[in-house]
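Dumped run.pdb below, it's PDB, C-alpha atoms:
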```pdb
ATOM      1  CA  MET E  29      13.955   7.588 -59.788
ATOM      2  CA  PHE E  30      12.904   8.194 -56.164
ATOM      3  CA  LYS E  31      10.088  10.467 -57.316
ATOM      4  CA  SER E  32       8.741   7.786 -59.663
ATOM      5  CA  ALA E  33       8.856   5.140 -56.932
ATOM      6  CA  THR E  34       6.969   7.418 -54.547
ATOM      7  CA  VAL E  35       4.258   8.036 -57.129
ATOM      8  CA  LEU E  36       3.900   4.287 -57.742
ATOM      9  CA  LEU E  37       3.551   3.610 -54.016
ATOM     10  CA  LEU E  38       0.864   6.266 -53.691
ATOM     11  CA  ILE E  39      -1.026   4.810 -56.641
ATOM     12  CA  PHE E  40      -0.863   1.315 -55.100
ATOM     13  CA  ALA E  41      -2.070   2.595 -51.730
ATOM     14  CA  CYS E  42      -5.050   4.386 -53.267
ATOM     15  CA  ALA E  43      -5.938   1.349 -55.360
ATOM     16  CA  ALA E  44      -5.761  -0.951 -52.356
ATOM     17  CA  GLN E  45      -8.034   1.304 -50.326
ATOM     18  CA  GLY E  46     -10.458   1.507 -53.214
ATOM     19  CA  ALA E  47     -10.526  -2.286 -53.455
ATOM     20  CA  GLY E  48     -11.592  -2.509 -49.830
ATOM     21  CA  PHE E  49      -8.274  -3.467 -48.212
ATOM     22  CA  ALA E  50      -7.850  -1.895 -44.771
ATOM     23  CA  PHE E  51      -4.395  -1.136 -43.445
ATOM     24  CA  ALA E  52      -3.520  -1.970 -39.849
ATOM     25  CA  ALA E  53      -3.483   0.907 -37.431
ATOM     26  CA  ASP E  54      -0.262   1.888 -35.709
ATOM     27  CA  ARG E  55      -0.502  -0.755 -32.999
ATOM     28  CA  SER E  56       1.509  -3.891 -32.347
ATOM     29  CA  ASP E  57      -0.999  -5.842 -30.259
ATOM     30  CA  ALA E  58      -4.261  -7.368 -31.383
ATOM     31  CA  VAL E  59      -7.390  -5.869 -29.862
ATOM     32  CA  SER E  60     -10.471  -7.848 -28.878
ATOM     33  CA  TYR E  61     -13.692  -6.700 -30.572
ATOM     34  CA  LEU E  62     -17.369  -7.395 -29.971
ATOM     35  CA  ILE E  63     -19.794  -7.403 -32.892
ATOM     36  CA  LYS E  64     -23.508  -8.027 -33.360
ATOM     37  CA  PHE E  65     -24.644  -8.647 -36.910
ATOM     38  CA  LYS E  66     -27.876  -7.371 -38.374
ATOM     39  CA  ASP E  67     -30.696  -9.875 -38.808
ATOM     40  CA  GLY E  68     -30.027 -12.024 -41.840
ATOM     41  CA  GLN E  69     -26.295 -11.323 -41.843
ATOM     42  CA  SER E  70     -23.790 -14.071 -41.179
ATOM     43  CA  ALA E  71     -20.584 -14.256 -39.195
ATOM     44  CA  GLY E  72     -19.141 -15.715 -42.385
ATOM     45  CA  ILE E  73     -18.410 -12.124 -43.374
ATOM     46  CA  LEU E  74     -15.683 -12.061 -40.733
ATOM     47  CA  ALA E  75     -14.487 -15.546 -41.613
ATOM     48  CA  ASN E  76     -14.116 -14.473 -45.242
ATOM     49  CA  LEU E  77     -11.906 -11.612 -44.061
ATOM     50  CA  GLY E  78      -9.651 -14.128 -42.322
ATOM     51  CA  PHE E  79     -10.700 -13.576 -38.698
ATOM     52  CA  ASP E  80     -11.112 -16.323 -36.103
ATOM     53  CA  ILE E  81     -14.514 -15.717 -34.549
ATOM     54  CA  THR E  82     -16.167 -17.012 -31.379
ATOM     55  CA  ARG E  83     -19.793 -16.852 -30.320
ATOM     56  CA  ARG E  84     -19.959 -14.485 -27.363
ATOM     57  CA  PHE E  85     -22.876 -16.262 -25.694
ATOM     58  CA  GLY E  86     -22.446 -19.848 -26.801
ATOM     59  CA  PHE E  87     -24.345 -21.120 -23.771
ATOM     60  CA  SER E  88     -27.701 -19.960 -25.165
ATOM     61  CA  ASP E  89     -29.622 -20.190 -28.434
ATOM     62  CA  ALA E  90     -32.037 -17.429 -27.407
ATOM     63  CA  SER E  91     -32.597 -14.835 -30.127
ATOM     64  CA  GLU E  92     -31.305 -11.953 -28.008
ATOM     65  CA  PHE E  93     -27.911 -13.687 -27.796
ATOM     66  CA  SER E  94     -27.655 -14.732 -31.434
ATOM     67  CA  GLY E  95     -25.429 -12.968 -33.922
ATOM     68  CA  ILE E  96     -23.003 -11.721 -31.254
ATOM     69  CA  TYR E  97     -19.349 -12.675 -31.729
ATOM     70  CA  THR E  98     -15.873 -11.788 -30.536
ATOM     71  CA  PHE E  99     -12.687 -11.686 -32.575
ATOM     72  CA  SER E 100      -9.215 -10.169 -32.401
ATOM     73  CA  SER E 101      -7.541  -7.901 -34.918
ATOM     74  CA  THR E 102      -4.674  -5.440 -35.265
ATOM     75  CA  LEU E 103      -6.900  -3.280 -37.472
ATOM     76  CA  SER E 104      -8.342  -0.102 -36.040
ATOM     77  CA  LEU E 105     -12.037   0.216 -35.288
ATOM     78  CA  ASN E 106     -12.503   2.627 -38.201
ATOM     79  CA  ASP E 107     -10.786   0.239 -40.632
ATOM     80  CA  LEU E 108     -13.005  -2.630 -39.528
ATOM     81  CA  ARG E 109     -16.126  -0.516 -39.900
ATOM     82  CA  SER E 110     -15.027   0.320 -43.426
ATOM     83  CA  ASP E 111     -14.379  -3.324 -44.314
ATOM     84  CA  LEU E 112     -17.693  -4.552 -42.901
ATOM     85  CA  ARG E 113     -19.660  -1.833 -44.711
ATOM     86  CA  GLY E 114     -22.386  -1.461 -42.083
ATOM     87  CA  GLU E 115     -23.450  -5.123 -41.991
ATOM     88  CA  TYR E 116     -23.713  -4.988 -38.191
ATOM     89  CA  GLU E 117     -25.809  -3.430 -35.432
ATOM     90  CA  TYR E 118     -22.783  -2.541 -33.343
ATOM     91  CA  LEU E 119     -19.035  -3.052 -33.367
ATOM     92  CA  GLN E 120     -16.847  -2.035 -30.453
ATOM     93  CA  GLU E 121     -13.623  -2.731 -28.635
ATOM     94  CA  GLN E 122     -13.940  -4.892 -25.565
ATOM     95  CA  GLY E 123     -12.546  -2.973 -22.627
ATOM     96  CA  GLN E 124     -10.775  -4.822 -19.863
ATOM     97  CA  ALA E 125      -9.797  -3.401 -16.503
ATOM     98  CA  LYS E 126      -6.323  -4.459 -15.428
ATOM     99  CA  ALA E 127      -5.689  -5.415 -11.833
ATOM    100  CA  ALA E 128      -2.435  -3.437 -11.972
ATOM    101  CA  ASP E 129      -4.480  -0.278 -12.549
ATOM    102  CA  LEU E 130      -6.600  -0.886  -9.444
ATOM    103  CA  THR E 131      -5.741  -0.435  -5.790
ATOM    104  CA  ALA E 132      -4.620  -3.852  -4.549
ATOM    105  CA  SER E 133      -6.460  -3.466  -1.244
ATOM    106  CA  VAL E 134      -9.841  -3.366  -2.996
ATOM    107  CA  ILE E 135      -9.392  -6.375  -5.279
ATOM    108  CA  PRO E 136     -11.157  -9.328  -3.595
ATOM    109  CA  ASN E 137      -9.712 -12.835  -3.952
ATOM    110  CA  ASP E 138     -13.128 -14.491  -4.109
ATOM    111  CA  PRO E 139     -13.337 -16.872  -7.115
ATOM    112  CA  GLY E 140     -16.623 -15.362  -8.269
ATOM    113  CA  PHE E 141     -15.105 -11.877  -8.531
ATOM    114  CA  THR E 142     -13.309 -10.637 -11.653
ATOM    115  CA  VAL E 143     -11.896  -7.462 -13.172
ATOM    116  CA  ASN E 144     -12.378  -8.901 -16.662
ATOM    117  CA  PRO E 145     -15.730  -8.112 -18.362
ATOM    118  CA  LEU E 146     -15.209 -11.142 -20.601
ATOM    119  CA  ASP E 147     -15.823 -13.408 -17.586
ATOM    120  CA  ILE E 148     -19.582 -13.123 -17.998
ATOM    121  CA  ASP E 149     -20.337 -15.796 -15.396
ATOM    122  CA  LYS E 150     -18.514 -13.824 -12.692
ATOM    123  CA  GLN E 151     -18.905 -10.454 -10.943
ATOM    124  CA  TRP E 152     -17.417  -8.272 -13.685
ATOM    125  CA  GLY E 153     -20.093  -5.634 -13.052
ATOM    126  CA  LEU E 154     -18.672  -4.512  -9.697
ATOM    127  CA  ILE E 155     -15.600  -2.924 -11.271
ATOM    128  CA  LYS E 156     -17.629  -1.738 -14.263
ATOM    129  CA  THR E 157     -19.939   0.230 -11.967
ATOM    130  CA  GLY E 158     -17.123   1.633  -9.831
ATOM    131  CA  PHE E 159     -17.351  -0.375  -6.621
ATOM    132  CA  ASP E 160     -13.546  -0.415  -6.381
ATOM    133  CA  LYS E 161     -13.627   3.388  -6.107
ATOM    134  CA  ALA E 162     -16.357   3.219  -3.478
ATOM    135  CA  TRP E 163     -14.404   0.606  -1.489
ATOM    136  CA  GLU E 164     -11.435   2.985  -1.350
ATOM    137  CA  LYS E 165     -13.652   5.292   0.730
ATOM    138  CA  THR E 166     -15.699   2.780   2.733
ATOM    139  CA  THR E 167     -16.394  -0.937   2.809
ATOM    140  CA  GLY E 168     -19.541  -0.665   4.871
ATOM    141  CA  SER E 169     -20.382  -0.771   8.563
ATOM    142  CA  LYS E 170     -22.163  -3.128  10.933
ATOM    143  CA  ASP E 171     -23.901  -0.036  12.297
ATOM    144  CA  VAL E 172     -25.995  -0.073   9.124
ATOM    145  CA  VAL E 173     -28.908  -2.534   9.316
ATOM    146  CA  VAL E 174     -30.570  -3.593   6.052
ATOM    147  CA  ALA E 175     -33.910  -5.417   6.221
ATOM    148  CA  VAL E 176     -34.267  -8.064   3.505
ATOM    149  CA  ILE E 177     -37.975  -8.737   2.880
ATOM    150  CA  ASP E 178     -37.883 -11.929   0.846
ATOM    151  CA  THR E 179     -37.992 -15.721   1.219
ATOM    152  CA  GLY E 180     -35.866 -15.662   4.354
ATOM    153  CA  ILE E 181     -32.082 -16.098   4.568
ATOM    154  CA  ASP E 182     -29.865 -19.103   5.144
ATOM    155  CA  ALA E 183     -27.579 -17.451   7.674
ATOM    156  CA  THR E 184     -25.578 -20.699   7.961
ATOM    157  CA  HIS E 185     -24.276 -20.319   4.387
ATOM    158  CA  GLU E 186     -20.475 -20.470   4.312
ATOM    159  CA  ASP E 187     -20.156 -17.194   2.388
ATOM    160  CA  LEU E 188     -22.403 -15.194   4.729
ATOM    161  CA  GLN E 189     -20.473 -15.743   7.942
ATOM    162  CA  LYS E 190     -19.195 -12.188   8.338
ATOM    163  CA  ILE E 191     -22.681 -10.654   8.220
ATOM    164  CA  ASN E 192     -24.080  -9.529  11.548
ATOM    165  CA  PHE E 193     -27.593 -10.985  11.494
ATOM    166  CA  VAL E 194     -29.981  -9.221  13.846
ATOM    167  CA  LYS E 195     -33.284 -10.645  15.056
ATOM    168  CA  GLY E 196     -35.817 -10.880  12.240
ATOM    169  CA  TYR E 197     -39.380 -12.036  11.733
ATOM    170  CA  ASN E 198     -41.290 -14.662   9.743
ATOM    171  CA  LEU E 199     -44.468 -12.975   8.526
ATOM    172  CA  LEU E 200     -45.920 -16.307   7.380
ATOM    173  CA  THR E 201     -45.651 -18.149  10.694
ATOM    174  CA  ARG E 202     -45.634 -15.005  12.842
ATOM    175  CA  GLN E 203     -42.492 -16.131  14.637
ATOM    176  CA  GLU E 204     -39.186 -14.439  15.322
ATOM    177  CA  ILE E 205     -36.084 -15.411  13.361
ATOM    178  CA  ASN E 206     -33.161 -15.684  15.732
ATOM    179  CA  GLY E 207     -29.482 -15.308  14.933
ATOM    180  CA  ASN E 208     -27.607 -17.450  12.452
ATOM    181  CA  THR E 209     -30.410 -19.815  11.465
ATOM    182  CA  ASN E 210     -31.799 -20.926   8.107
ATOM    183  CA  SER E 211     -35.191 -19.366   7.383
ATOM    184  CA  ASP E 212     -34.978 -19.668   3.578
ATOM    185  CA  ASP E 213     -36.788 -22.533   1.810
ATOM    186  CA  ASN E 214     -36.457 -20.980  -1.649
ATOM    187  CA  GLY E 215     -32.960 -19.515  -2.004
ATOM    188  CA  HIS E 216     -33.743 -16.071  -3.355
ATOM    189  CA  GLY E 217     -33.425 -14.255  -0.050
ATOM    190  CA  THR E 218     -30.051 -15.896   0.534
ATOM    191  CA  LEU E 219     -28.936 -14.712  -2.907
ATOM    192  CA  ILE E 220     -29.891 -11.131  -2.048
ATOM    193  CA  ALA E 221     -28.041 -11.359   1.260
ATOM    194  CA  GLY E 222     -24.972 -12.486  -0.699
ATOM    195  CA  VAL E 223     -25.191  -9.504  -3.030
ATOM    196  CA  LEU E 224     -25.358  -7.243   0.001
ATOM    197  CA  GLY E 225     -22.753  -8.810   2.229
ATOM    198  CA  ALA E 226     -21.088 -12.034   1.067
ATOM    199  CA  THR E 227     -17.791 -12.407   2.922
ATOM    200  CA  VAL E 228     -14.938 -10.786   0.993
ATOM    201  CA  ASN E 229     -11.403 -12.181   0.679
ATOM    202  CA  ASN E 230     -12.241 -15.611   2.061
ATOM    203  CA  GLY E 231     -11.472 -17.419  -1.200
ATOM    204  CA  VAL E 232     -15.063 -18.686  -1.359
ATOM    205  CA  GLY E 233     -18.003 -17.778  -3.571
ATOM    206  CA  VAL E 234     -18.521 -14.124  -4.440
ATOM    207  CA  ALA E 235     -17.775 -10.672  -3.037
ATOM    208  CA  GLY E 236     -20.505  -8.719  -1.283
ATOM    209  CA  THR E 237     -20.991  -5.060  -2.090
ATOM    210  CA  ASN E 238     -20.653  -4.347   1.642
ATOM    211  CA  TRP E 239     -17.715  -5.930   3.443
ATOM    212  CA  ASP E 240     -19.296  -5.081   6.798
ATOM    213  CA  ILE E 241     -23.057  -5.002   7.249
ATOM    214  CA  SER E 242     -25.914  -6.011   9.544
ATOM    215  CA  ILE E 243     -28.953  -7.698   8.008
ATOM    216  CA  MET E 244     -32.447  -8.274   9.386
ATOM    217  CA  PRO E 245     -34.201 -11.239   7.694
ATOM    218  CA  LEU E 246     -37.919 -10.690   7.163
ATOM    219  CA  LYS E 247     -39.570 -13.713   5.574
ATOM    220  CA  ALA E 248     -42.651 -12.670   3.599
ATOM    221  CA  LEU E 249     -42.539 -15.231   0.761
ATOM    222  CA  ASP E 250     -42.884 -19.021   0.831
ATOM    223  CA  ALA E 251     -40.923 -21.764  -0.938
ATOM    224  CA  GLN E 252     -42.632 -20.901  -4.247
ATOM    225  CA  GLY E 253     -41.816 -17.221  -3.859
ATOM    226  CA  LYS E 254     -45.415 -16.349  -3.062
ATOM    227  CA  GLY E 255     -46.767 -14.461  -0.099
TER     228      GLY E 255
END
```

Kindly return the structure encoded in the file as structure tokens.
Amino acid sequence: MFKSATVLLLIFACAAQGAGFAFAADRSDAVSYLIKFKDGQSAGILANLGFDITRRFGFSDASEFSGIYTFSSTLSLNDLRSDLRGEYEYLQEQGQAKAADLTASVIPNDPGFTVNPLDIDKQWGLIKTGFDKAWEKTTGSKDVVVAVIDTGIDATHEDLQKINFVKGYNLLTRQEINGNTNSDDNGHGTLIAGVLGATVNNGVGVAGTNWDISIMPLKALDAQGKG
């Protein structure tokens, strides 16, 4: 009796696999996946398989962002690839760094910073590129002076207050730029200064790649970004 039941179960399993039914992997939690469909293919393929799908870049209708979706499933990556039968350009799990896995002292509290790569409008790239590991060794030094040749810098910006601004120069007016003044009539130079040294752990804006730094503003471009 037991032998017959085992044979029947094996037959059912083989038939189900042959019919295209994937069995869930040995995992209890759903995993988030990212998929980009081939041109001409529709996300309806996933909907027909019973998945709730979300456009990954819903803020844009540009062609390079079309056809990219996220969804969650308890199925393994291999099972999903089998079910979708190659109707996609890529299919992958979405990794997510967990704050608990990172050293607390190098996790900024700035609202623009994130450890979650799904927060695409925040600084997810800093953890992705290993800045947390670099910060464990050094967070910069005011002994290092970086010259920013751009549209100038608004040194009065609230998120740039920890930067040590040294005397700079306006190449357009041939005048010195002194201290914490605003020499930027475009905004791009201020953006670059923020990438380099926005104040960290002040609960404002973003996190700079250097927590301590000196910057020399050199204005070479005008309000239109020309020079």

From the list E:Pro145, E:Gly86, E:Gly158, E:Pro245, the nearest residue to Tyr197 (chain E) using all atoms listed in the file is E:Pro245

Exercise. Could you tell me, as an NGL selection string, which residues have any atom at most 12 Å from (-29.4, -8.6, -39.3), counting all atoms listed in the file?
Worked result: :E and (63-71 or 91-92 or 94-96 or 114-118)

Subject >> Near-Trp163 (chain E) list (9 Å; all atoms listed in the file; drop same-chain fewer than 2 positions) as a count of residues only >> reply: 13

Please, what distance in Å, to one decimal, runs between CA of Lys254 (chain E) and CA of Asp213 (chain E)?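 Interatomic distance here is 11.7 Å.
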
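Taking all atoms listed in the file, the non-local environment of His185 (chain E) within 12 Å (same-chain residues fewer than 4 positions away omitted) comprises Ile181, Gln189, Lys190, Ile191, Asn208, Thr209, Asn210, Ser211, Asp212, Gly215, Gly217, Thr218, Leu219, Ala221, Gly222, Gly225, Ala226, Thr227, Val232 and Gly233 of chain E.
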
Students should find that CA of Asp240 (chain E) and CA of Ser169 (chain E) are spaced 4.8 Å

E:Asn144, E:Ala235, E:Met244, E:Ile135 ranked by distance to Glu164 (chain E), top pick (using only C-alpha atoms)
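Looking at the shortest contact to Glu164 (chain E), the residue is E:Ile135.
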
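Computed from the coordinates, the CA of Phe193 (chain E) to CA of Asp149 (chain E) distance equals 28.3 Å.
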
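Between Ala183 (chain E) and the candidates E:Thr201, E:Gln151, E:Asn230, E:Ser242, the tightest atom-to-atom separation, counting all atoms listed in the file, involves E:Ser242.
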
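What the PyMOL selection byres ((chain E and resi 83) around 7) matches in the given file is E:Ile81, E:Thr82, E:Arg84, E:Phe85, E:Gly86, E:Ile96, E:Tyr97, E:Thr98.
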
Just so the selection is clear, what residues does the PyMOL selection byres ((chain E and resi 198) around 10) cover here, as JSON, numbers by chain?
{"E": [177, 178, 179, 180, 196, 197, 199, 200, 201, 202, 203, 204, 205, 211, 245, 246, 247, 248, 249]}

Glu121 (chain E) proximity check over E:Asp89, E:Ala75, E:Gln252, E:Tyr61, using all atoms listed in the file: winner is E:Tyr61

Might you spell out which residues the PyMOL selection byres ((chain E and resi 139) around 8) would select in the displayed file, as a PyMOL selection string? chain E and resi 137-138+140-142+231-234

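Using all atoms listed in the file, the nearest neighbour of Phe99 (chain E) within the list E:Ile148, E:Leu119, E:Thr184, E:Gly236 is E:Leu119.
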
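Those residues that approach Ala58 (chain E) to within 10 Å, counting all atoms listed in the file, are Phe99, Ser100, Ser101, Thr102, Leu103 and Ser104 of chain E; same-chain residues fewer than 6 positions away are not listed.
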
From the list E:Asn76, E:Asn106, E:Ser60, E:Thr157, the nearest residue to Gln122 (chain E) using all atoms listed in the file is E:Ser60
